[in-house]
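Asker: Just passing along the structure, written as structure tokens.
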Protein chains: 2
Amino acid sequence: MKPARECRQLAILGVGLMGASIAAAQKRSFPDTVIVGSSISTIDGRVALEKGYIDRFTQNNKEAVLGADRVIVASPPSSIASILKEIAEMVPGIPVTDISSVKTPVYMDFRKNLQSCFKSYTSSHPMAGREESGAQGARANLFDGRSTFLVPFASPKTPPEGDWENFWLGLGCKGTFTVDPMEHDQILSLISHLPHVVSYAILELLNRTEERNHLTHFNWEEQKGGALTDMTRISHSHSGLWGEILAANQEFLLNDLSRLILILESWKKQIGNGSMEEISQKIESVQNHHQSLKKLAKKEKKESDAH
Amino acid sequence: MKPARECRQLAILGVGLMGASIAAAQKRSFPDTVIVGSSISTIDGRVALEKGYIDRFTQNNKEAVLGADRVIVASPPSSIASILKEIAEMVPGIPVTDISSVKTPVYMDFRKNLQSCFKSYTSSHPMAGREESGAQGARANLFDGRSTFLVPFASPKTPPEGDWENFWLGLGCKGTFTVDPMEHDQILSLISHLPHVVSYAILELLNRTEERNHLTHFNWEEQKGGALTDMTRISHSHSGLWGEILAANQEFLLNDLSRLILILESWKKQIGNGSMEEISQKIESVQNHHQSLKKLAKKEKKESDAH
């Protein structure tokens with residue numbers, strides 16, 4: 001792995017959980033990089049400074065990008081377009097990316113208002129997060145072994161520019177996938193946004209059961225094993241950010257939610273029939289289907305690598 | 001923690017994942033206990049012997065309980081009543097338990113056919129498991145920090161007998177809850193059986209998406225972050241066993257599945273309205289509700305401890 005090209009000074013606009021983790025991971029791999037962070041929150045700024053994730057902090061985005069040779073916008077999705085606009089004239093030719101969890105709205109804004117300002121633009125999305133929020137929750141190892149989506153905006157279907165692949169590998173990621181904005185949002189609905197809704201729904205079901213108090217011994221927080229711990233972990237993620245994400249990816253998410261509800265109905269029907277053999281067969285067929293798709297993907301990868 | 005009363009020789013009928021893990025955990029805490037295992041599967045028996053979890057193996061349950069002063073039936077739920085019947089005459093006054101994931105059917109069988117054979121009987125259910133199966137997947141630390149349900153059968157609502165609380169604490173459990181069979185199954189539906197169905201349903205949704213091949217870059221196994229890893233982990237659990245469990249707890253599970261589907265429909269409606277503020281509020285209200293119930297439970301526990 002070669003280090004990302006020219007990263008003497010990195011600007012991170014937004015040093016909450018994700019921005020501060022990027023700073024921490026960059027410092028871990030390349031201690032010499034000077035990192036300047038900006039944020040509306042002076043608390044996040046102070047924490048990021050105190051922990052040594054960043055070298056300088058300012059509340060002013062323009063000030064933060066001064067002298068930077070690489071810029072990451074790590075603020076909430078709805079603020080990205082306006083921040084890009086704010087800094088556009090100050091970063092000619094310098095690689096800029098954002099880490100928005102939903103790409104289509106950012107892409108639309110970009111095509112409408114920003115395309116003339118950026119020669120090339122590649123949006124990023126590392127598949128990592130924590131149920132904590134703010135710089136306080138940041139971790140240098142947050143990206144270790146995770147994948148990152150690269151989404152070229154300036155001209156779709158062209159290779160990503162700005163050497164962002166090496167940048168993310170440098171933070172510990174295991175690889176990158178290049179997709180277009182709609183593909184990204186469709187994939188993210190399935191691998192992240194839908195799981196969050198399911199986790200909130202399970203927490204709501206547990207709340208309602210507990211409150212009805214019909215189960216005298218029901219104290220699931222103490223009783224749970226690993227299954228429920230895993231299923232409810234992401235239900236504690238930041239409500240403001242996740243309201244934004246779910247609303248922004250509404251279209252794909254509603255489609256996937258409908259499909260999941262239909263599948264759950266089919267499980268309900270099968271369990272209602274009550275035959276343990278048939279339920280086992282249904283479980284096995286889902287597991288086998290998964291295994292055969294996995295094998296197929298492996299074979300296709302092998303073939304494409306051979307060419 | 002005092003060691004369980006008189007455990008010179010422990011018989012474990014069924015040395016698959018759970019039985020072999022009990023043996024491994026007992027050996028870890030009390031290396032002097034002689035453990036005799038039985039199973040239909042000679043493979044599990046050989047693995048458990050080779051790993052040192054058990055001292056002797058036999059395919060004969062009666063032979064396994066000879067000389068034991070504590071007996072655990074760790075075979076699939078549907079086999080428990082017949083195994084209890086098989087060994088009943090050989091274990092007068094000796095603590096016997098099972099670890100069935102569903103209690104009502106075992107309890108019904110017990111009341112009908114076995115009550116006269118056992119002076120007292122307490123069923124157990126440690127909240128632990130793995131997506132692996134067989135003795136090969138066993139772990140000595142499987143029960144560390146987990147809770148165990150104790151379900152007295154002989155006369156409901158009486159304290160559990162046989163010193164099983166100390167036994168489970170000795171394996172690493174953090175505590176026990178005493179419940180009746182129906183309470184157990186109602187609680188388990190929520191904290192374990194429903195999460196499994198949700199996990200199978202999510203895997204099925206991912207399979208279907210992958211197979212339709214509409215998403216050229218969709219390779220969720222490589223792309224997933226922690227959320228999907230957590231949500232799909234239990235979808236790989238043993239299909240035969242889980243078909244049995246879901247069928248046996250049909251009634252409570254169908255009720256909870258219906259309630260979850262209704263809750264998911266309400267999320268669909270809210271996301272369809274598209275206001276990020278309202279979605280954030282819905283997330284926050286579920287999170288706050290959970291926090292307030294948690295506080296209440298803590299307060300009630302404090303008050304009951306004070307009495």
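In the structure tokens, the first chain shown is A, the next is B, and so on; residue numbers restart at 1 for each chain, and ligands run from 1 in the order shown.
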Would you return as a PyMOL selection string the members of segment 131-220 of chain A that DSSP assigns to helix (DSSP H, G or I) on this structure's backbone?
Answerer: chain A and resi 135-137+164-170+181-212+220
Asker: Within 9 Å of segment 230-245 of chain B, counting only C-alpha atoms, which residues show up once you throw out same-chain ones fewer than 3 positions away? Write them as an NGL selection string, please.
Answerer: (:A and (195 or 199 or 227 or 229-231 or 233 or 271 or 275-284 or 286-287)) or (:B and (76-78 or 100-102 or 130-133 or 193 or 195-203 or 225-227 or 248-250))
Asker: Using only C-alpha atoms, which protein or nucleic acid residues come within 6 Å of segment 9-14 of chain A? Drop anything in the same chain fewer than 4 positions from it, and give the result as a short mmCIF file (atom, residue, chain, number, x, y, z; two decimals) with C-alpha atoms, in the first residue's frame.
Answerer:
data_model
loop_
_atom_site.label_atom_id
_atom_site.label_comp_id
_atom_site.auth_asym_id
_atom_site.auth_seq_id
_atom_site.Cartn_x
_atom_site.Cartn_y
_atom_site.Cartn_z
CA GLY A 19 -14.47 13.30 10.83
CA THR A 33 0.22 14.95 8.23
CA VAL A 34 -0.94 18.33 9.54
CA ILE A 35 -4.70 18.10 10.14
CA VAL A 36 -6.95 21.15 10.41
CA GLY A 37 -10.52 20.57 11.57
CA SER A 38 -13.58 22.76 11.46
CA SER A 39 -17.00 22.36 13.03
CA ALA A 64 -9.73 25.28 7.56
CA VAL A 65 -8.99 24.60 3.89
CA ALA A 68 -4.66 22.04 2.55
CA ASP A 69 -3.77 19.62 -0.24
CA ARG A 70 -6.70 17.30 0.50
CA VAL A 71 -10.17 18.13 1.86
CA ILE A 72 -12.88 15.95 3.41
CA VAL A 73 -16.37 17.24 4.11
CA ALA A 74 -17.57 15.12 7.04
CA SER A 75 -20.66 17.12 8.03
#
Asker: Go through A:Leu66, A:Leu264, A:Ile43, A:Ala154 one by one, measure the shortest atom-to-atom distance of each to chain B using only C-alpha atoms, and give the residue with the smallest value.
Answerer: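 When distances to chain B are compared using only C-alpha atoms, the smallest one comes from A:Leu264.
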Asker: Separation of atom CA of Leu49 of chain A and atom CA of Arg146 of chain A, in Å?
Answerer: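 The value is 25.7 Å.
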Asker: Could you jot down the atom CA of Leu293 of chain B to atom CA of Ser124 of chain B separation for me, Å, one decimal place?
Answerer: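 For atom CA of Leu293 of chain B relative to atom CA of Ser124 of chain B, the distance reads 27.1 Å.
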Asker: Could you jot down the atom CA of Glu300 of chain B to atom CA of Asn219 of chain A separation for me, Å, one decimal place?
Answerer: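 One can read the atom CA of Glu300 of chain B to atom CA of Asn219 of chain A distance as 11.5 Å.
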Asker: Which residues come within 12 Å of Val47 of chain B, counting only C-alpha atoms, excluding same-chain residues fewer than 6 positions away, as a list in words?
Answerer: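 What passes the distance filter is Val15, Gly16, Leu17, Ala20, Ser21, Ala24, Gly37, Ser39, Ser41, Tyr53, Ile54, Asp55, Arg56, Phe57, Gly134, Ala135, Gln136, Gly137 and Ala138 of chain B.
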